[in-house]
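Everything on this sheet refers to the single structure shown next.
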Amino acid sequence: MGLGWPTDGCPIYLFVAFIPLLYVENYLNHSLFYILLFSFITFLTWNAISTQWLSYAKRTNGTFAIEAYLIPVFFNSFLMSIIFFFYSWIKRHVKDKKIGYLFLVCLWISFEKMHLEWELSWPWLNLGNGFANHTEWIQWYEYTGTLGGSIWIWIVNIGLTESIIKYKNDKKIFSLYMRIFFYIGIIFFMIFISNLIYMKYKKKKYERTANVLILQPNIDPYNQKYSISTNKLVSKLKKLIDKKISKESMIIIAPETMFPNKIQIKNISKNKIISVFKDYLKKKSPNTVFITGVELIILHHNKDKNEKSIPIFSNKKKNMQWIDIFNSVIQIGTNENIEFHHKSKLVPAVETFPYKKIFSPILGNILLNFGGTVMEFGKENYPSVFQYPYLGINIAPIICYESVFGEYVSNFFKKKNVELMVIITNDGWWGVSQGHKQHMHYARIRAIENRKYVARSANTGISCFINEKGEIISYIPYGKEGFLYNKIYLNKNKTFYIKHGDFLSKISLFTTIIILLYTITYNTYNKISKRVWMNKFKF
């Protein structure tokens, strides 16, 4: 699994990676302890290799925050091994092995969906993400999303494992070869279907375009971001914009949490930084908008506070105020209206304390300092859409971690005629590692699922344009300052995935429940029948 994972890996390994574990489980079905042990070792190895880049995270004092690596690796490995352990337990209690395998696939898909929805979300290693650097294989994700890729991987692994097990029992070498060729055929058939979709999509025509300018300021988030003055930062951004701005209307995009100063939402249009860019646009390009990441705050009194509000202490308790802080993206134009969207999918243990009421008394404050503050962020429950007034374009503003969540992103396009996806992020926390590369490639999957162009601005890189087929049109390498300019093609088409989302998870959950009920009923019936038979025998 580690050798097959993006971005340097070859995904062909993903189709054989689970064979050793499945094979061993078949001969250890009476030793649940060893099944749990071997599965944990398997998943720990995969997690440790594929997300090794997490170990690059640092504390404010410059030391490496090894817990930022170890906690998710061990916790995710444990969850995966519990899923496999539960499958093995169910398989022991049903006679038909096929039902056991079906349960494994459906339970795993339900687990991946849970990882997309609950507060401890960590969908980074959902199996369907494994093809992110081979988008020519997965053009059919516009129908299934990443869960389709997960099912694909499990079907081939299970089929090849069963082929080996059957050969061990009957020693029929020809049957073994036929089964292997069949499952290899499944791999190439799906790739063939993908290429057909790819070629067919080339014939589509575009009605409208938008000029987009992406900025990559390349500011070290550890050493520069909170030491550089706001004036120097604004000047740096203006110099980048000046290289391409004109009177022609365009959309300018800068990265996540661009400014060190927090901005109050109340009277936001009068904020000094925002006023500077408003005046700049009025002078340089009145029909242009500037989209960038900021930290927005709301100040309020005790009666309006929530569980994530932070107290601001004063000498008199009656004057105590509370603050809500948001990781946000704003759109600045020449008019008075400032649009903003708060991040909805927060990073566990960095931006939010998962299940705080349960874990806080046990763990204390475990929040890690990435972004200049150690406090919980507020979040937005419903996706907000930006309107580009000069061309009547609707824009989906996606912030960093949000771009890993397929159905969440598609919801921006579901009810409104959104035509462009903008992703702003800061991947500089992980240095020169696989982290920023994987994150960028996952954005290619979002382009395929929604068949929308992506304009991605990353502080230190990789900033890029991605077309509707998941192809990278142009990019700025990691660690380089610069800008990208392109004419983006727009469309209002809604894919099957936009309309139906992760429908495979609903089918999987329903099937999982049915198999569980069947197993309980089957075993209860067997126990009752056995007792009745024994009583008759005794009589």
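Residues are referred to by chain and number: the chain letter is A, B, ... according to the order shown in the structure tokens, the number counts from 1 in that chain, and ligands are numbered separately from 1 in the order shown.
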Please provide the set of residues having any atom within 12 Å of Val422 of chain A, restricted to only C-alpha atoms, with same-chain residues fewer than 2 positions apart removed, written as a VMD selection string.
chain A and resid 212 to 214 251 to 256 290 to 293 329 to 331 385 to 386 394 to 400 402 to 403 409 412 418 to 420 424 to 425 443 446 to 447 452 to 458 463 to 466 488
For Lys379 of chain A, work out the shell of residues within 12 Å, counting only C-alpha atoms and skipping chain neighbours fewer than 2 positions away, then give it as JSON, numbers by chain.
{"A": [295, 296, 297, 306, 308, 309, 324, 325, 326, 327, 328, 341, 342, 343, 344, 345, 346, 347, 351, 352, 376, 377, 381, 382, 383, 384, 399, 402]}
Residues just named, written with C-alpha atoms as a PDB file, in the first residue's frame:
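Output (selection39.pdb):
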ATOM      1  CA  GLU A 295      -8.900  34.830  10.068  1.00  0.00           C
ATOM      2  CA  LEU A 296     -12.218  36.484  10.878  1.00  0.00           C
ATOM      3  CA  ILE A 297     -13.498  37.106  14.400  1.00  0.00           C
ATOM      4  CA  ASN A 306     -20.999  28.998  22.371  1.00  0.00           C
ATOM      5  CA  LYS A 308     -15.966  27.241  21.082  1.00  0.00           C
ATOM      6  CA  SER A 309     -15.998  30.891  22.153  1.00  0.00           C
ATOM      7  CA  ASP A 324     -15.287  33.410  17.979  1.00  0.00           C
ATOM      8  CA  ILE A 325     -12.524  32.890  15.441  1.00  0.00           C
ATOM      9  CA  PHE A 326     -12.915  31.474  11.935  1.00  0.00           C
ATOM     10  CA  ASN A 327     -10.536  30.278   9.236  1.00  0.00           C
ATOM     11  CA  SER A 328     -12.188  32.075   6.345  1.00  0.00           C
ATOM     12  CA  HIS A 341     -17.069  31.822   3.774  1.00  0.00           C
ATOM     13  CA  HIS A 342     -15.959  30.122   6.994  1.00  0.00           C
ATOM     14  CA  LYS A 343     -14.144  26.806   6.842  1.00  0.00           C
ATOM     15  CA  SER A 344     -16.511  23.906   7.583  1.00  0.00           C
ATOM     16  CA  LYS A 345     -14.220  20.873   7.603  1.00  0.00           C
ATOM     17  CA  LEU A 346     -11.794  21.568  10.448  1.00  0.00           C
ATOM     18  CA  VAL A 347      -8.562  19.638  11.065  1.00  0.00           C
ATOM     19  CA  GLU A 351      -8.485  23.616  14.428  1.00  0.00           C
ATOM     20  CA  THR A 352     -11.028  21.749  16.539  1.00  0.00           C
ATOM     21  CA  GLU A 376     -10.772  26.079  18.452  1.00  0.00           C
ATOM     22  CA  PHE A 377     -12.145  27.614  15.295  1.00  0.00           C
ATOM     23  CA  ASN A 381     -22.590  24.503   8.568  1.00  0.00           C
ATOM     24  CA  TYR A 382     -23.683  25.284   5.018  1.00  0.00           C
ATOM     25  CA  PRO A 383     -21.454  25.993   2.003  1.00  0.00           C
ATOM     26  CA  SER A 384     -21.365  29.624   0.870  1.00  0.00           C
ATOM     27  CA  ILE A 399     -10.342  26.125   2.136  1.00  0.00           C
ATOM     28  CA  GLU A 402     -12.093  20.897   2.745  1.00  0.00           C
TER      29      GLU A 402
END
Could you find all residues in segment 343-516 of chain A that DSSP calls strand (DSSP E) from the backbone, and write them as a VMD selection string?
chain A and resid 386 to 388 393 to 399 418 to 425 454 to 458 463 to 466 472 to 476 482 to 490
Within 8 Å of segment 236-248 of chain A using only C-alpha atoms, minus same-chain residues under 6 positions, as a CSV table (one decimal) with N, CA and C atoms, in the first residue's frame:
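Below is the file that was written, around-v7.csv:
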chain,number,residue,atom,x,y,z
A,213,LEU,N,-6.1,35.0,-12.0
A,213,LEU,CA,-4.7,35.2,-11.6
A,213,LEU,C,-4.5,34.5,-10.3
A,215,LEU,N,-1.9,33.7,-7.1
A,215,LEU,CA,-0.6,34.2,-6.5
A,215,LEU,C,0.0,33.1,-5.6
A,217,PRO,N,2.9,33.6,-2.9
A,217,PRO,CA,3.8,34.5,-2.2
A,217,PRO,C,5.0,33.7,-1.6
A,284,LYS,N,-6.5,50.2,-10.4
A,284,LYS,CA,-5.9,49.3,-11.4
A,284,LYS,C,-6.9,48.6,-12.3
A,285,SER,N,-7.9,48.0,-11.7
A,285,SER,CA,-8.9,47.2,-12.5
A,285,SER,C,-10.2,47.1,-11.8
A,286,PRO,N,-11.1,48.1,-12.0
A,286,PRO,CA,-12.4,48.2,-11.3
A,286,PRO,C,-13.3,47.0,-11.4
A,287,ASN,N,-13.2,46.2,-12.4
A,287,ASN,CA,-14.0,45.0,-12.6
A,287,ASN,C,-13.4,43.7,-12.1
A,288,THR,N,-12.4,43.8,-11.3
A,288,THR,CA,-11.7,42.7,-10.7
A,288,THR,C,-12.0,42.4,-9.3
A,482,GLY,N,5.7,33.3,-7.2
A,482,GLY,CA,5.3,33.6,-8.6
A,482,GLY,C,3.8,33.7,-8.7
A,483,PHE,N,3.4,33.8,-10.0
A,483,PHE,CA,2.0,33.9,-10.3
A,483,PHE,C,1.7,33.0,-11.5
A,485,TYR,N,-1.4,32.8,-14.7
A,485,TYR,CA,-2.6,33.5,-15.3
A,485,TYR,C,-3.1,32.6,-16.4
Show which residues sit within 7 Å of segment 181-196 of chain A, as a PyMOL selection string. Count only C-alpha atoms, and ignore same-chain residues fewer than 3 positions away.
chain A and resi 136-140+156+159-160+177-178+199-200
Can I get the selected residues back with N, CA and C atoms, as a JSON list (two decimals), in the first residue's frame?
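Below is the file out_20.json, written as the result:
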[["chain", "number", "residue", "atom", "x", "y", "z"],
["A", 136, "GLU", "N", -6.11, 9.40, -15.35],
["A", 136, "GLU", "CA", -6.58, 8.78, -16.59],
["A", 136, "GLU", "C", -7.25, 7.42, -16.31],
["A", 137, "TRP", "N", -7.07, 6.89, -15.09],
["A", 137, "TRP", "CA", -7.70, 5.62, -14.72],
["A", 137, "TRP", "C", -9.08, 5.80, -14.11],
["A", 138, "ILE", "N", -9.42, 6.99, -13.68],
["A", 138, "ILE", "CA", -10.59, 7.17, -12.81],
["A", 138, "ILE", "C", -11.54, 8.26, -13.31],
["A", 139, "GLN", "N", -11.67, 8.40, -14.61],
["A", 139, "GLN", "CA", -12.60, 9.39, -15.14],
["A", 139, "GLN", "C", -14.05, 9.08, -14.75],
["A", 140, "TRP", "N", -14.33, 7.81, -14.42],
["A", 140, "TRP", "CA", -15.67, 7.40, -13.99],
["A", 140, "TRP", "C", -15.99, 7.83, -12.55],
["A", 156, "VAL", "N", -10.74, -6.64, -6.50],
["A", 156, "VAL", "CA", -9.59, -7.30, -7.12],
["A", 156, "VAL", "C", -8.76, -8.03, -6.07],
["A", 159, "GLY", "N", -10.71, -11.14, -4.97],
["A", 159, "GLY", "CA", -10.74, -12.13, -6.06],
["A", 159, "GLY", "C", -9.42, -12.85, -6.23],
["A", 160, "LEU", "N", -8.31, -12.12, -6.21],
["A", 160, "LEU", "CA", -6.99, -12.75, -6.37],
["A", 160, "LEU", "C", -6.65, -13.64, -5.17],
["A", 177, "TYR", "N", -4.72, -19.58, -13.35],
["A", 177, "TYR", "CA", -4.38, -18.59, -14.37],
["A", 177, "TYR", "C", -5.63, -17.90, -14.91],
["A", 178, "MET", "N", -6.70, -18.67, -15.12],
["A", 178, "MET", "CA", -7.94, -18.09, -15.66],
["A", 178, "MET", "C", -8.52, -17.07, -14.69],
["A", 199, "MET", "N", -12.08, 10.49, -23.67],
["A", 199, "MET", "CA", -12.11, 10.90, -25.08],
["A", 199, "MET", "C", -13.45, 11.54, -25.45],
["A", 200, "LYS", "N", -14.54, 11.03, -24.88],
["A", 200, "LYS", "CA", -15.85, 11.59, -25.16],
["A", 200, "LYS", "C", -15.97, 13.00, -24.61]]
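Of the residues listed (A:Val234, A:Ile158, A:Leu14, A:Ile228), A:Ile158 shows the shortest atom-to-atom separation from Asn26 of chain A; distances use only C-alpha atoms.
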Excluding Tyr497 of chain A and residues on its chain fewer than 5 positions from it, collect all residues at most 8 Å away from it, counting only C-alpha atoms, and give them as a count of residues only.
10
Do you have the atom CA of Thr135 of chain A-atom CA of Lys415 of chain A distance handy?
26.5 Å
Name the closest residue to Ile153 of chain A among the candidates A:Val24, A:Ala48, A:Met1, A:Leu509; distances are taken between atoms, counting only C-alpha atoms.
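Closest residue, counting only C-alpha atoms: A:Met1.
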